[in-house]
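Engineer: For reference, the file entry.tsv (TSV, C-alpha atoms) is included below:
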chain	number	residue	atom	x	y	z
A	1	GLN	CA	24.43	106.52	113.14
A	2	ALA	CA	22.95	105.38	116.48
A	3	LYS	CA	21.81	102.11	114.90
A	4	GLN	CA	25.31	101.44	113.60
A	5	ILE	CA	26.78	102.13	117.06
A	6	LEU	CA	24.28	99.72	118.63
A	7	VAL	CA	25.21	97.03	116.08
A	8	GLU	CA	28.91	97.53	116.90
A	9	ILE	CA	28.18	97.33	120.63
A	10	GLU	CA	26.21	94.13	120.11
A	11	GLN	CA	29.04	92.61	118.06
A	12	ALA	CA	31.63	93.60	120.66
A	13	GLY	CA	29.45	92.07	123.40
A	14	ALA	CA	29.03	88.83	121.46
A	15	HIS	CA	32.80	88.68	120.88
A	16	ALA	CA	33.48	89.31	124.58
A	17	MET	CA	31.03	86.57	125.61
A	18	ALA	CA	32.61	84.10	123.18
A	19	SER	CA	36.06	84.91	124.57
A	20	MET	CA	34.79	84.53	128.14
A	21	ARG	CA	33.19	81.16	127.35
A	22	GLN	CA	36.47	79.98	125.84
A	23	LEU	CA	38.38	81.15	128.91
A	24	VAL	CA	35.93	79.48	131.32
A	25	GLU	CA	36.08	76.23	129.35
A	26	THR	CA	39.86	76.39	129.41
A	27	LEU	CA	39.88	76.93	133.18
A	28	ARG	CA	37.29	74.23	133.84
A	29	THR	CA	39.23	71.64	131.84
A	30	GLY	CA	42.39	72.37	133.81
A	31	GLU	CA	44.38	73.87	130.98
A	32	SER	CA	45.54	77.36	131.79
A	33	PRO	CA	46.19	79.92	129.08
A	34	VAL	CA	49.02	81.18	131.29
A	35	GLU	CA	51.98	78.84	131.36
A	36	VAL	CA	53.40	77.57	134.63
A	37	SER	CA	57.17	77.26	134.60
A	38	MET	CA	59.13	74.39	136.07
A	39	ASN	CA	60.07	76.64	139.01
A	40	ALA	CA	57.07	77.22	141.29
A	41	GLN	CA	59.06	79.47	143.62
A	42	ALA	CA	59.95	81.76	140.72
A	43	ASP	CA	56.31	81.81	139.58
A	44	LEU	CA	55.12	82.69	143.09
A	45	ASP	CA	57.82	85.36	143.35
A	46	ASP	CA	56.56	86.82	140.05
A	47	ILE	CA	53.00	86.89	141.39
A	48	ALA	CA	54.17	88.68	144.55
A	49	ARG	CA	56.19	91.16	142.46
A	50	SER	CA	53.11	91.86	140.32
A	51	ILE	CA	51.05	92.50	143.45
A	52	ARG	CA	53.65	94.94	144.77
A	53	GLU	CA	53.85	96.72	141.42
A	54	SER	CA	50.10	97.33	141.64
A	55	GLY	CA	50.62	99.14	144.96
A	56	ILE	CA	49.49	96.35	147.28
A	57	GLU	CA	51.79	94.87	149.93
A	58	ALA	CA	52.55	91.22	149.25
A	59	ASN	CA	53.80	88.82	151.89
A	60	LEU	CA	55.02	85.50	150.54
A	61	ALA	CA	55.89	82.58	152.83
A	62	VAL	CA	56.66	79.43	150.88
A	63	GLY	CA	58.17	76.28	152.30
A	64	ALA	CA	59.18	73.16	150.45
A	65	PHE	CA	56.39	71.18	148.83
A	66	PRO	CA	56.08	68.37	146.27
A	67	ASP	CA	56.81	69.28	142.66
A	68	ALA	CA	53.70	67.37	141.61
A	69	LEU	CA	51.52	70.02	143.28
A	70	ALA	CA	53.48	73.02	141.96
A	71	PRO	CA	51.28	73.74	138.92
A	72	THR	CA	48.15	73.55	141.07
A	73	ILE	CA	49.57	75.86	143.73
A	74	VAL	CA	50.66	78.43	141.15
A	75	ARG	CA	47.31	78.36	139.33
A	76	LEU	CA	45.33	78.59	142.57
A	77	THR	CA	47.47	81.52	143.68
A	78	ARG	CA	46.97	83.37	140.39
A	79	GLU	CA	43.22	82.88	140.56
A	80	ALA	CA	43.03	83.93	144.22
A	81	VAL	CA	45.08	87.09	143.58
A	82	THR	CA	42.92	87.90	140.56
A	83	ASN	CA	39.85	87.59	142.79
A	84	VAL	CA	41.37	89.98	145.34
A	85	ARG	CA	42.01	92.52	142.62
A	86	ARG	CA	38.46	92.21	141.31
A	87	HIS	CA	36.48	91.85	144.52
A	88	GLY	CA	38.58	92.97	147.49
A	89	LEU	CA	37.65	96.60	148.08
A	90	ASN	CA	40.56	98.68	149.39
A	91	ALA	CA	42.82	95.66	149.88
A	92	THR	CA	46.26	96.87	150.93
A	93	VAL	CA	47.86	93.54	151.93
A	94	ILE	CA	47.83	90.08	150.35
A	95	ASP	CA	49.41	87.16	152.21
A	96	ILE	CA	50.38	84.00	150.32
A	97	VAL	CA	51.36	81.00	152.44
A	98	VAL	CA	52.44	77.54	151.33
A	99	SER	CA	53.70	75.01	153.86
A	100	ALA	CA	53.82	71.26	154.27
A	101	ASP	CA	54.37	68.62	156.88
A	102	ASP	CA	54.40	64.83	156.70
A	103	THR	CA	50.62	64.63	156.31
A	104	ALA	CA	49.50	67.60	154.20
A	105	LEU	CA	50.33	70.61	152.10
A	106	TYR	CA	48.67	73.83	153.27
A	107	TRP	CA	48.01	76.75	150.93
A	108	SER	CA	46.25	80.04	151.54
A	109	VAL	CA	45.84	83.49	150.08
A	110	SER	CA	44.27	86.16	152.27
A	111	ASP	CA	43.73	89.89	152.06
A	112	ASN	CA	42.46	92.72	154.22
A	113	GLY	CA	39.97	94.13	151.70
A	114	ARG	CA	36.26	94.39	152.24
A	115	PRO	CA	34.25	91.97	150.11
A	116	THR	CA	32.13	93.55	147.40
A	117	ALA	CA	28.37	93.39	147.59
A	118	HIS	CA	26.81	90.04	146.70
A	119	ASN	CA	27.26	89.31	143.03
A	120	PRO	CA	24.32	87.33	141.57
A	121	ASN	CA	26.60	86.14	138.71
A	122	PRO	CA	29.81	85.19	140.53
A	123	GLY	CA	31.43	83.31	137.66
A	124	TYR	CA	33.59	80.22	137.94
A	125	GLY	CA	36.65	81.41	139.88
A	126	LEU	CA	35.92	79.84	143.27
A	127	VAL	CA	34.01	76.96	141.69
A	128	GLY	CA	36.98	76.10	139.48
A	129	MET	CA	39.39	76.40	142.40
A	130	ARG	CA	37.23	74.09	144.54
A	131	GLU	CA	36.99	71.55	141.71
A	132	ARG	CA	40.77	71.61	141.16
A	133	VAL	CA	41.45	71.10	144.88
A	134	GLU	CA	38.86	68.36	145.33
A	135	SER	CA	40.10	66.52	142.23
A	136	LEU	CA	43.36	66.07	144.16
A	137	ARG	CA	41.48	64.88	147.27
A	138	GLY	CA	42.07	68.22	148.95
A	139	GLN	CA	39.79	70.32	151.09
A	140	PHE	CA	38.89	73.86	149.99
A	141	GLN	CA	37.55	76.82	151.96
A	142	ALA	CA	36.80	80.42	151.10
A	143	GLY	CA	35.23	83.15	153.16
A	144	HIS	CA	35.48	86.38	155.10
A	145	ASP	CA	35.94	86.33	158.86
A	146	GLY	CA	35.09	89.99	159.42
A	147	GLU	CA	38.66	91.16	158.96
A	148	ARG	CA	40.17	89.11	156.14
A	149	TRP	CA	39.04	87.24	153.07
A	150	THR	CA	40.85	83.90	152.88
A	151	VAL	CA	40.95	81.18	150.29
A	152	SER	CA	42.69	78.03	151.52
A	153	ALA	CA	43.28	74.41	150.68
A	154	ASN	CA	44.83	71.37	152.31
A	155	PHE	CA	46.14	68.51	150.20
A	156	PRO	CA	46.99	65.09	151.67
A	157	MET	CA	50.62	64.14	151.17
A	158	ARG	CA	49.73	60.48	150.83
A	159	PRO	CA	46.69	59.16	149.00
A	160	THR	CA	43.96	57.93	151.32
A	161	GLN	CA	43.29	54.18	151.20
With the file now loaded, output its structure as structure tokens.

Structural biologist:
Amino acid sequence: QAKQILVEIEQAGAHAMASMRQLVETLRTGESPVEVSMNAQADLDDIARSIRESGIEANLAVGAFPDALAPTIVRLTREAVTNVRRHGLNATVIDIVVSADDTALYWSVSDNGRPTAHNPNPGYGLVGMRERVESLRGQFQAGHDGERWTVSANFPMRPTQ
């Protein structure tokens, strides 16, 4: 019976790894398994509502920004919030900020949780976010300043010459 259980565990592990590889490939190619609607504000509101329903305070400050960047902003926000839920120990507040001026769009997600211990297998979350931002000529940053973990990006409003 123990051998059969071990075989089932091995099969379940192989299935989980195959699913994870498919998900990572999907994220790395830019296609998200979660659809982004045509209304970024509604999507961001839904993310904030989901955060609140999980018992974490969510502060959402979103100004006007170009529709062309809406899918990127929504996907980045989802990934950042997922990272807080997975890695932000005792996070009680998540702040989501999107603003723009004539030169750039500014996006950030920050939380007050403590970062988990160093993970030797961190996955592709931050790597994928950085690649998405840089593919749009943006600048990406992530880190903990002693009080808050923040993931942020700036996107130029006009292409550089």

Engineer: One decimal, Å: what's the distance from CA of Trp107 (chain A) over to CA of Gly55 (chain A), could you say?

Structural biologist: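 Between CA of Trp107 (chain A) and CA of Gly55 (chain A) the gap works out to 23.3 Å.
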
Engineer: Do you know which residues lie at most 6 Å from (53.2, 87.4, 146.8), with coordinates as in the file and all atoms listed in the file counted, and could you write them as a tab-separated table (two decimals) with C-alpha atoms, in the frame of the given file?

Structural biologist:
chain	number	residue	atom	x	y	z
A	47	ILE	CA	53.00	86.89	141.39
A	48	ALA	CA	54.17	88.68	144.55
A	58	ALA	CA	52.55	91.22	149.25
A	59	ASN	CA	53.80	88.82	151.89
A	60	LEU	CA	55.02	85.50	150.54
A	96	ILE	CA	50.38	84.00	150.32

Engineer: Might you pull out every residue within 10 Å of Arg85 (chain A), with all atoms listed in the file counted and same-chain residues fewer than 2 positions away left off, and present them as a list in words?

Structural biologist: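 Near neighbours after the sequence-gap exclusion: Ile51, Ser54, Ile56, Glu79, Ala80, Val81, Thr82, Asn83, His87, Gly88, Leu89, Asn90, Ala91, Ile94, Asp111 and Gly113 of chain A.
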
Engineer: What lies within 6 Å of region 133-148 of chain A using all atoms listed in the file, ignoring chain neighbours under 4 positions off, as a list in words?

Structural biologist: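 Neighbouring residues, sequence-local ones excluded: Asp111, Asn112, Ser152, Ala153, Asn154 and Phe155 of chain A.
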
Engineer: Please report the interatomic distance between CA of Asp46 (chain A) and CA of Tyr124 (chain A) in Å with one decimal.

Structural biologist: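 Computed distance, CA of Asp46 (chain A) to CA of Tyr124 (chain A), equals 24.0 Å.
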
Engineer: Show me, as a PDB file with C-alpha atoms, keeping the file's coordinate frame, the residues that have an atom within 8 Å of Ala100 (chain A) when counting all atoms listed in the file, minus same-chain residues fewer than 4 positions from it.

Structural biologist:
ATOM      1  CA  GLY A  63      58.170  76.280 152.300  1.00  0.00           C
ATOM      2  CA  ALA A  64      59.180  73.160 150.450  1.00  0.00           C
ATOM      3  CA  PHE A  65      56.390  71.180 148.830  1.00  0.00           C
ATOM      4  CA  ALA A 104      49.500  67.600 154.200  1.00  0.00           C
ATOM      5  CA  LEU A 105      50.330  70.610 152.100  1.00  0.00           C
ATOM      6  CA  TYR A 106      48.670  73.830 153.270  1.00  0.00           C
TER       7      TYR A 106
END

Engineer: Report the distance between CA of Arg49 (chain A) and CA of Thr92 (chain A) in Å, rounded to one decimal place.

Structural biologist: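 Between CA of Arg49 (chain A) and CA of Thr92 (chain A) the gap is 14.2 Å.
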
Engineer: If you count all atoms listed in the file, which residues fall within 7 Å of Ala40 (chain A), apart from same-chain ones fewer than 4 positions away, as a PyMOL selection string?

Structural biologist: chain A and resi 44+70+74

Engineer: Using all atoms listed in the file, which of the listed residues (A:Val98, A:Val84, A:Val93, A:Val127) sits closest to Pro66 (chain A)?

Structural biologist: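 Using all atoms listed in the file, Pro66 (chain A) sits closest to A:Val98.
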
Engineer: Hey, which of A:Ile9, A:Val109, A:Leu126, A:Leu76 ends up closest to Trp149 (chain A)? Count only C-alpha atoms.

Structural biologist: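 Smallest separation from Trp149 (chain A) among the options: A:Val109.
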
Engineer: Choose the residue, out of A:Arg86, A:Arg75, A:Lys3, A:Arg52, that has the smallest atom-to-atom separation from Arg114 (chain A); count all atoms listed in the file.

Structural biologist: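 When distances to Arg114 (chain A) are compared using all atoms listed in the file, the smallest one comes from A:Arg86.
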